[in-house]
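Below is one structure, written out as structure tokens, with a few remarks after it.
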Amino acid sequence: MSATDTLEPTTIKAYLRPIDSEGLAAFAAKGKANPASRGTNKVHTVMEGQYRSLSTVGNHAPVVVDEPLHLFGEDTAPAPGEIVLSGLGGCLAVGITAVATWKGVKLSKLEVFMEGDIGNPAAWGAGGALEKLPAELGFQVIRVKVVVEGDASREVLDEIVKHANFYSPVANSMRNPIPMTVEMA
């Protein structure tokens, strides 16, 4: 028997690429010093035709939005509601990563699964169920499942997810009424 036959197998754990913990701490300190501070997100959307549009954010490639065939789109890209859910998933993933970093937990896996029940009986206001109120339109319920693994117990990981959800800007935007104006430019 050779020496390699008696060695115990070893498991190598790979962790997700970490964020800058010192930068995160400085950003947190800045927020603590000025809790009323606000940022501004800017997006420019241009309609191509039918229901396909391109939304540009800074110098990034445009985000393409379309509607599925059964809603008279070409199904070339995610629908607006799916883009909203992807924003929620991205924000929760960012928050979970930040809270884990803050708590000194290394993550090896993070996936966010979302589904939302959305209604559009008013056909975007184009002659459908016009007696509907705004609260009856759009997402009626959103379900989020988070798969997270790292070098902490399930209880600690659960605490991280709950904390990130509580402070998520996008989740809170969806949970809370937001003053909004839509007007001609």
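Ordered as shown in the structure tokens, chains take letters A, B, and onward, while each chain numbers its residues from 1 and ligands are numbered from 1 in the order shown.
Contact shell of Val148 of chain A at 7 Å (only C-alpha atoms; same-chain neighbours under 5 positions omitted): Lys109, Leu110 and Glu111 of chain A.
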Take the residues just selected and output them with N, CA, C and O atoms as a PDB file, in the first residue's frame.
```
ATOM      1  N   LYS A 109     -22.051  30.456  -0.909  1.00  0.00           N
ATOM      2  CA  LYS A 109     -23.151  30.343  -1.870  1.00  0.00           C
ATOM      3  C   LYS A 109     -24.230  31.341  -1.482  1.00  0.00           C
ATOM      4  O   LYS A 109     -24.560  31.488  -0.301  1.00  0.00           O
ATOM      5  N   LEU A 110     -24.771  32.039  -2.472  1.00  0.00           N
ATOM      6  CA  LEU A 110     -25.879  32.955  -2.237  1.00  0.00           C
ATOM      7  C   LEU A 110     -26.733  33.003  -3.492  1.00  0.00           C
ATOM      8  O   LEU A 110     -26.272  33.405  -4.555  1.00  0.00           O
ATOM      9  N   GLU A 111     -27.967  32.564  -3.355  1.00  0.00           N
ATOM     10  CA  GLU A 111     -28.931  32.595  -4.450  1.00  0.00           C
ATOM     11  C   GLU A 111     -30.248  33.115  -3.903  1.00  0.00           C
ATOM     12  O   GLU A 111     -30.637  32.772  -2.787  1.00  0.00           O
TER      13      GLU A 111
END
```
Legend entry - Long-range neighbours of Thr45 of chain A as a PyMOL selection string, 12 Å cut-off, only C-alpha atoms, 6 positions minimum in chain: chain A and resi 51-58+62-65+80
Legend entry - Close residues, Ala28 of chain A itself excluded, 12 Å, only C-alpha atoms, min 6 positions apart in chain, as an MDAnalysis selection string: chainID A and resid 21:22 34:35 37 98:99 102
Inset, instruction - Could you give me the residues within chain A that DSSP places in helix (DSSP H, G or I), as number ranges by chain? - result: A: 3-6, 21-33, 69-71, 80-102, 123-125, 134-136, 154-167, 169-175
Inset, instruction - Mind listing the strand (DSSP E) residues of segment 44-125 of chain A, per DSSP on the backbone, as an MDAnalysis selection string? - result: chainID A and resid 44:49 52:56 63:65 107:119
Legend entry - Shell of 9 Å around segment 155-159 of chain A, only C-alpha atoms, local chain residues under 5 positions omitted, as number ranges by chain: A: 96, 100, 105, 148-150, 164
Legend entry - Nearby residues (only C-alpha atoms) at most 12 Å from segment 129-142 of chain A, same-chain spacing under 2 positions excluded, as JSON, numbers by chain: {"A": [80, 81, 82, 84, 85, 88, 89, 113, 114, 115, 116, 117, 118, 119, 120, 121, 122, 123, 124, 125, 126, 127, 144, 145, 171, 174, 175, 176, 177]}
Inset, instruction - Record the distance separating atom CA of Leu71 of chain A and atom CA of Met184 of chain A, expressed in Å with one decimal. - result: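 Pair atom CA of Leu71 of chain A / atom CA of Met184 of chain A returns 25.8 Å.
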Inset, instruction - Within 9 Å of Gly95 of chain A, counting only C-alpha atoms, which residues show up once you throw out same-chain ones fewer than 4 positions away? Write them as a ChimeraX atom specification, please. - result: /A:90-91,99-100,160-161,163-165,167-168
